[in-house]
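Novice: One structure is given below, represented as structure tokens, and several questions about it will come after.
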Amino acid sequence: MTDLVRAQAPVVMGVLNVTPDSFSDGGLYSDLDTAVAHGVRLRAEGARLVDVGGESTRPGADRVDADTETARVLPVVRELAAAGVAVSIDTTRASVAEAALAAGAAVVNDVSGGLADPDMARVVRDAGCPWVLMHWRGHSRGMGDLATYTDVVTDVRAELGRRIDEALAAGVAADRIIVDPGLGFAKTAAHNWELSARLPELVALGFPLLFGASRKSYLGRLLAGPDGTPRPTAGREAATIATSLLAVAAGAWGVRVHDVRTTADALAVWAATGRPRLAAPTAAGAAGVGPAYGTGGGGPVGAAEVAGHAGRGEGAR
């Protein structure tokens, strides 16, 4: 998987939640055959990785025990790996990760960045597999209360830097580390937009960066109807594609999405037009949610709009 970590083309990670309560697809893939068929379909549509998760991390979600999580994911991981699908295991538990790796998973996607289970670094080190370290401050039940920052980009960068240092100190190879800013995890909508607008500051950490905005609530609030009702998850795909494409143009290594085909199509257009990159941030965008790119003005939406859509973001699972 070193080649995947060093991939020049953007990596599309397809979401496969085998949970009853994930915010967008909970309950859709609880059946083994349905889950495996969906994972195979995601690969056919352009996913380089299929991310299998057995515990919802949406805001307010209750935890499940390790046995339940393991029972949900292992059969799916095993079947997908046997079908030649590259699988990442979405878990914060070392025991689940270890079992999934033994069943054929190739990557550990840890939303806690190693904080939830101190044994995770050992599992990843011994397996020699890539490890996604996401920015995280606490479990879903109380993470909304932790969304307090002096400067969200500076703080997230510093906290991710500490996760990287701890992983390296535990013996994890530098070329196995991927970072994720954790949109929606102890972040308000305004925080999410700020991170998106200033993503190059996180890319500058020097590690591949995974970006996951797919269908999240801050997109729904941005696209709210005249009465203020947020756009339902099924209507957030265009916004997901836009945020994913902008992230790749800002230097993201990969994107985590529910609808792989539309994202892969957008990235094919981006590649065919010469893989254009966003210019370095400038002070010109200070009046918006973040630094401007090139000469185009402010960030993705104005500060007043962001304030109108502020609130707790949805977790990725």
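Residue numbering restarts at 1 in every chain; chains get A, B, ... in the order shown in the structure tokens, and ligands count up from 1 in that same order.
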Quick one: residues within 6 Å of range 143-159 of chain A, only C-alpha atoms counted, chain neighbours fewer than 5 positions away excluded, as a list in words?

Specialist: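 Residues meeting the cut-off are Gly138, Ala186, Lys187, Leu195 and Leu202 of chain A.
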
Novice: Could the residues in this selection be written to a file with N, CA, C and O atoms, as an mmCIF file, in the first residue's frame?

Specialist:
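The resulting file, again-v8.cif, is shown below:
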```cif
data_model
loop_
_atom_site.group_PDB
_atom_site.id
_atom_site.type_symbol
_atom_site.label_atom_id
_atom_site.label_comp_id
_atom_site.auth_asym_id
_atom_site.auth_seq_id
_atom_site.Cartn_x
_atom_site.Cartn_y
_atom_site.Cartn_z
ATOM 1 N N GLY A 138 -12.863 13.955 20.920
ATOM 2 C CA GLY A 138 -13.684 13.170 21.828
ATOM 3 C C GLY A 138 -14.744 12.397 21.080
ATOM 4 O O GLY A 138 -15.010 12.646 19.900
ATOM 5 N N ALA A 186 -16.222 17.754 16.277
ATOM 6 C CA ALA A 186 -15.919 18.894 17.148
ATOM 7 C C ALA A 186 -15.613 20.129 16.307
ATOM 8 O O ALA A 186 -14.684 20.886 16.587
ATOM 9 N N LYS A 187 -16.416 20.330 15.266
ATOM 10 C CA LYS A 187 -16.289 21.485 14.389
ATOM 11 C C LYS A 187 -17.686 22.040 14.102
ATOM 12 O O LYS A 187 -18.627 21.277 13.865
ATOM 13 N N LEU A 195 -11.500 25.519 7.482
ATOM 14 C CA LEU A 195 -10.542 24.465 7.159
ATOM 15 C C LEU A 195 -10.467 24.236 5.658
ATOM 16 O O LEU A 195 -9.386 24.030 5.095
ATOM 17 N N LEU A 202 -2.758 22.878 5.958
ATOM 18 C CA LEU A 202 -2.703 21.524 6.508
ATOM 19 C C LEU A 202 -1.925 20.593 5.582
ATOM 20 O O LEU A 202 -1.202 19.710 6.048
#
```

Novice: For the interface of range 196-264 of chain A with range 49-53 of chain A (cut-off 12 Å, counting only C-alpha atoms), please tabulate each contacting residue of range 196-264 of chain A alongside its nearest pair of atoms and their separation in Å to one decimal, rows sorted by chain and increasing number, as CSV.

Specialist:
```
residue,atom,partner,partner_atom,distance
A:Leu210,CA,A:Leu49,CA,12.0
A:Gly212,CA,A:Asp51,CA,11.8
A:Gly254,CA,A:Leu49,CA,10.1
A:Val255,CA,A:Leu49,CA,10.3
A:Arg256,CA,A:Asp51,CA,8.4
A:Val257,CA,A:Asp51,CA,9.6
A:His258,CA,A:Asp51,CA,9.9
A:Asp259,CA,A:Val50,CA,11.6
A:Val260,CA,A:Val50,CA,10.0
```

Novice: I'd like the contact shell of Val203 in chain A - 10 Å cut-off, only C-alpha atoms, skipping same-chain residues fewer than 3 positions apart - returned as a PyMOL selection string.

Specialist: chain A and resi 157+179-181+198-200+206-210+250-253

Novice: Near Val87 in chain A, within 9 Å and counting only C-alpha atoms, which residues show up once chain neighbours fewer than 4 positions away are dropped, as a list in words?

Specialist: Gly39, Arg48, Leu49, Val50, Asp51, Val52, Val77, Leu80, Ala81, Gly104, Ala105, Ala106, Val107 and Val108 of chain A

Novice: Convert the current residue selection to file output with all heavy atoms, as a PDB file, in the first residue's frame.

Specialist:
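Output contents, as saved in selection_18.pdb:
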```
ATOM      1  N   GLY A  39     -19.869  -2.644  -2.018  1.00  0.00           N
ATOM      2  CA  GLY A  39     -18.436  -2.418  -2.016  1.00  0.00           C
ATOM      3  C   GLY A  39     -17.807  -2.724  -3.366  1.00  0.00           C
ATOM      4  O   GLY A  39     -16.945  -1.976  -3.851  1.00  0.00           O
ATOM      5  N   ARG A  48     -10.585   3.691  -5.085  1.00  0.00           N
ATOM      6  CA  ARG A  48      -9.317   2.981  -4.865  1.00  0.00           C
ATOM      7  C   ARG A  48      -9.354   2.232  -3.539  1.00  0.00           C
ATOM      8  O   ARG A  48      -8.635   1.247  -3.356  1.00  0.00           O
ATOM      9  CB  ARG A  48      -8.152   3.978  -4.854  1.00  0.00           C
ATOM     10  CG  ARG A  48      -7.876   4.648  -6.183  1.00  0.00           C
ATOM     11  CD  ARG A  48      -7.143   3.739  -7.161  1.00  0.00           C
ATOM     12  NE  ARG A  48      -5.855   3.303  -6.645  1.00  0.00           N
ATOM     13  CZ  ARG A  48      -4.731   4.007  -6.734  1.00  0.00           C
ATOM     14  NH1 ARG A  48      -4.751   5.212  -7.294  1.00  0.00           N
ATOM     15  NH2 ARG A  48      -3.591   3.535  -6.272  1.00  0.00           N
ATOM     16  N   LEU A  49     -10.156   2.727  -2.601  1.00  0.00           N
ATOM     17  CA  LEU A  49     -10.351   2.101  -1.301  1.00  0.00           C
ATOM     18  C   LEU A  49     -11.831   2.086  -0.979  1.00  0.00           C
ATOM     19  O   LEU A  49     -12.549   3.042  -1.297  1.00  0.00           O
ATOM     20  CB  LEU A  49      -9.623   2.875  -0.199  1.00  0.00           C
ATOM     21  CG  LEU A  49      -8.134   2.668   0.000  1.00  0.00           C
ATOM     22  CD1 LEU A  49      -7.598   3.716   0.983  1.00  0.00           C
ATOM     23  CD2 LEU A  49      -7.850   1.273   0.536  1.00  0.00           C
ATOM     24  N   VAL A  50     -12.288   1.022  -0.339  1.00  0.00           N
ATOM     25  CA  VAL A  50     -13.649   0.972   0.203  1.00  0.00           C
ATOM     26  C   VAL A  50     -13.523   0.948   1.717  1.00  0.00           C
ATOM     27  O   VAL A  50     -12.892   0.049   2.288  1.00  0.00           O
ATOM     28  CB  VAL A  50     -14.413  -0.259  -0.310  1.00  0.00           C
ATOM     29  CG1 VAL A  50     -15.750  -0.383   0.405  1.00  0.00           C
ATOM     30  CG2 VAL A  50     -14.630  -0.149  -1.814  1.00  0.00           C
ATOM     31  N   ASP A  51     -14.095   1.958   2.362  1.00  0.00           N
ATOM     32  CA  ASP A  51     -13.924   2.176   3.797  1.00  0.00           C
ATOM     33  C   ASP A  51     -15.086   1.547   4.559  1.00  0.00           C
ATOM     34  O   ASP A  51     -16.209   2.065   4.527  1.00  0.00           O
ATOM     35  CB  ASP A  51     -13.855   3.674   4.069  1.00  0.00           C
ATOM     36  CG  ASP A  51     -13.342   4.019   5.453  1.00  0.00           C
ATOM     37  OD1 ASP A  51     -12.413   3.333   5.920  1.00  0.00           O
ATOM     38  OD2 ASP A  51     -13.852   4.982   6.051  1.00  0.00           O
ATOM     39  N   VAL A  52     -14.826   0.447   5.238  1.00  0.00           N
ATOM     40  CA  VAL A  52     -15.870  -0.315   5.931  1.00  0.00           C
ATOM     41  C   VAL A  52     -15.908   0.089   7.401  1.00  0.00           C
ATOM     42  O   VAL A  52     -14.900  -0.011   8.111  1.00  0.00           O
ATOM     43  CB  VAL A  52     -15.619  -1.829   5.804  1.00  0.00           C
ATOM     44  CG1 VAL A  52     -16.688  -2.610   6.573  1.00  0.00           C
ATOM     45  CG2 VAL A  52     -15.616  -2.248   4.334  1.00  0.00           C
ATOM     46  N   VAL A  77     -15.383  -7.272   5.292  1.00  0.00           N
ATOM     47  CA  VAL A  77     -13.974  -7.101   4.943  1.00  0.00           C
ATOM     48  C   VAL A  77     -13.444  -8.361   4.268  1.00  0.00           C
ATOM     49  O   VAL A  77     -12.763  -8.295   3.221  1.00  0.00           O
ATOM     50  CB  VAL A  77     -13.144  -6.769   6.193  1.00  0.00           C
ATOM     51  CG1 VAL A  77     -11.642  -6.816   5.878  1.00  0.00           C
ATOM     52  CG2 VAL A  77     -13.528  -5.400   6.751  1.00  0.00           C
ATOM     53  N   LEU A  80     -14.954  -8.771   0.684  1.00  0.00           N
ATOM     54  CA  LEU A  80     -14.461  -7.771  -0.255  1.00  0.00           C
ATOM     55  C   LEU A  80     -12.990  -8.026  -0.599  1.00  0.00           C
ATOM     56  O   LEU A  80     -12.586  -7.918  -1.766  1.00  0.00           O
ATOM     57  CB  LEU A  80     -14.624  -6.371   0.324  1.00  0.00           C
ATOM     58  CG  LEU A  80     -16.050  -5.825   0.353  1.00  0.00           C
ATOM     59  CD1 LEU A  80     -16.084  -4.465   1.056  1.00  0.00           C
ATOM     60  CD2 LEU A  80     -16.630  -5.709  -1.049  1.00  0.00           C
ATOM     61  N   ALA A  81     -12.192  -8.344   0.401  1.00  0.00           N
ATOM     62  CA  ALA A  81     -10.783  -8.632   0.136  1.00  0.00           C
ATOM     63  C   ALA A  81     -10.635  -9.832  -0.789  1.00  0.00           C
ATOM     64  O   ALA A  81      -9.794  -9.832  -1.702  1.00  0.00           O
ATOM     65  CB  ALA A  81     -10.042  -8.876   1.452  1.00  0.00           C
ATOM     66  N   GLY A 104      -7.991  -9.197   5.795  1.00  0.00           N
ATOM     67  CA  GLY A 104      -7.679  -8.715   4.457  1.00  0.00           C
ATOM     68  C   GLY A 104      -7.713  -7.220   4.264  1.00  0.00           C
ATOM     69  O   GLY A 104      -7.410  -6.726   3.170  1.00  0.00           O
ATOM     70  N   ALA A 105      -8.082  -6.438   5.288  1.00  0.00           N
ATOM     71  CA  ALA A 105      -8.040  -4.975   5.164  1.00  0.00           C
ATOM     72  C   ALA A 105      -6.600  -4.523   4.967  1.00  0.00           C
ATOM     73  O   ALA A 105      -5.653  -5.173   5.441  1.00  0.00           O
ATOM     74  CB  ALA A 105      -8.642  -4.309   6.391  1.00  0.00           C
ATOM     75  N   ALA A 106      -6.435  -3.400   4.271  1.00  0.00           N
ATOM     76  CA  ALA A 106      -5.097  -2.932   3.940  1.00  0.00           C
ATOM     77  C   ALA A 106      -4.737  -1.606   4.591  1.00  0.00           C
ATOM     78  O   ALA A 106      -3.566  -1.226   4.629  1.00  0.00           O
ATOM     79  CB  ALA A 106      -4.959  -2.793   2.422  1.00  0.00           C
ATOM     80  N   VAL A 107      -5.740  -0.879   5.100  1.00  0.00           N
ATOM     81  CA  VAL A 107      -5.541   0.449   5.664  1.00  0.00           C
ATOM     82  C   VAL A 107      -6.391   0.575   6.920  1.00  0.00           C
ATOM     83  O   VAL A 107      -7.497   0.025   6.982  1.00  0.00           O
ATOM     84  CB  VAL A 107      -5.956   1.549   4.651  1.00  0.00           C
ATOM     85  CG1 VAL A 107      -5.857   2.941   5.272  1.00  0.00           C
ATOM     86  CG2 VAL A 107      -5.118   1.468   3.380  1.00  0.00           C
ATOM     87  N   VAL A 108      -5.879   1.296   7.919  1.00  0.00           N
ATOM     88  CA  VAL A 108      -6.667   1.619   9.101  1.00  0.00           C
ATOM     89  C   VAL A 108      -7.040   3.097   9.037  1.00  0.00           C
ATOM     90  O   VAL A 108      -6.169   3.964   8.939  1.00  0.00           O
ATOM     91  CB  VAL A 108      -5.898   1.333  10.404  1.00  0.00           C
ATOM     92  CG1 VAL A 108      -6.682   1.848  11.619  1.00  0.00           C
ATOM     93  CG2 VAL A 108      -5.632  -0.161  10.548  1.00  0.00           C
TER      94      VAL A 108
END
```

Novice: Write out as a PyMOL selection string the set of residues from range 114-222 of chain A that DSSP, computed on the backbone, places in helix (DSSP H, G or I).

Specialist: chain A and resi 120-127+140-146+152-169+174-176+189-197+199-203+217-222

Novice: To one decimal in Å, tell me the separation between CA of Thr273 in chain A and CA of Gln8 in chain A.

Specialist: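 Between CA of Thr273 in chain A and CA of Gln8 in chain A the gap is 15.7 Å.
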
Novice: As a list in words, please: the residues near range 117-122 of chain A (cut-off 7 Å, only C-alpha atoms, same-chain neighbours under 6 positions excluded).

Specialist: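 Answer for this query is Thr92, Arg93, Ala94, Ala167, Ala170 and Val172 of chain A.
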
Novice: Residues at most 10 Å from Ala242 in chain A, counting only C-alpha atoms, excluding those fewer than 3 positions away in the same chain, as an NGL selection string?

Specialist: :A and (213 or 237-239 or 245-247 or 263 or 266 or 300)

Novice: Could you dump the residues just selected with N, CA, C and O atoms as a tab-separated table (two decimals), in the first residue's frame?

Specialist:
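To be explicit, this is the file written out as out16.tsv:
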```tsv
chain	number	residue	atom	x	y	z
A	213	ALA	N	-15.96	15.54	3.26
A	213	ALA	CA	-17.10	16.44	3.50
A	213	ALA	C	-18.41	15.80	3.08
A	213	ALA	O	-19.47	16.41	3.24
A	237	GLU	N	-25.21	16.01	-3.11
A	237	GLU	CA	-24.12	15.44	-3.90
A	237	GLU	C	-23.34	16.49	-4.68
A	237	GLU	O	-22.12	16.43	-4.77
A	238	ALA	N	-24.05	17.46	-5.29
A	238	ALA	CA	-23.33	18.49	-6.05
A	238	ALA	C	-22.38	19.27	-5.14
A	238	ALA	O	-21.24	19.58	-5.51
A	239	ALA	N	-22.85	19.59	-3.95
A	239	ALA	CA	-22.00	20.31	-2.99
A	239	ALA	C	-20.83	19.43	-2.56
A	239	ALA	O	-19.71	19.93	-2.37
A	245	LEU	N	-13.62	18.46	-5.10
A	245	LEU	CA	-12.78	18.93	-6.19
A	245	LEU	C	-11.90	20.10	-5.75
A	245	LEU	O	-10.71	20.16	-6.07
A	246	LEU	N	-12.47	21.01	-4.96
A	246	LEU	CA	-11.67	22.12	-4.44
A	246	LEU	C	-10.56	21.62	-3.52
A	246	LEU	O	-9.45	22.15	-3.52
A	247	ALA	N	-10.87	20.59	-2.73
A	247	ALA	CA	-9.85	20.04	-1.83
A	247	ALA	C	-8.70	19.43	-2.61
A	247	ALA	O	-7.52	19.63	-2.27
A	263	THR	N	-18.03	11.74	-8.14
A	263	THR	CA	-16.75	12.33	-7.75
A	263	THR	C	-15.66	11.93	-8.73
A	263	THR	O	-14.84	12.77	-9.15
A	266	ALA	N	-15.97	13.96	-11.86
A	266	ALA	CA	-15.48	15.33	-11.70
A	266	ALA	C	-13.95	15.37	-11.70
A	266	ALA	O	-13.34	16.27	-12.29
A	300	PRO	N	-15.09	30.02	-0.04
A	300	PRO	CA	-16.19	29.42	-0.74
A	300	PRO	C	-17.53	30.08	-0.50
A	300	PRO	O	-18.40	30.04	-1.34
```

Novice: Which residue is closest to Ala35 in chain A? Choose from A:Pro226, A:Gly274, A:Arg72, A:Asp67 and count only C-alpha atoms.

Specialist: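 The closest residue to Ala35 in chain A is A:Arg72.
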
Novice: Determine which residues of range 20-221 of chain A receive a DSSP assignment of strand (DSSP E or B), computed from the backbone, and state them as a list in words.

Specialist: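 Listing strand (DSSP E or B) positions across range 20-221 of chain A yields Leu49, Val50, Asp51, Val52, Gly53, Val87, Ser88, Ile89, Asp90, Val107, Val108, Asn109, Asp110, Trp131, Val132, Leu133, Met134, Ile177, Ile178, Val179, Asp180, Thr188, Leu209, Leu210 and Phe211 of chain A.
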
Novice: Provide the CA of Arg277 in chain A to CA of Ala174 in chain A distance in Å, to one decimal place.

Specialist: 25.3 Å

Novice: So which one's closest to Leu74 in chain A, A:Gly46, A:Trp136, A:Pro276, A:Leu32? Using only C-alpha atoms, please.

Specialist: A:Leu32
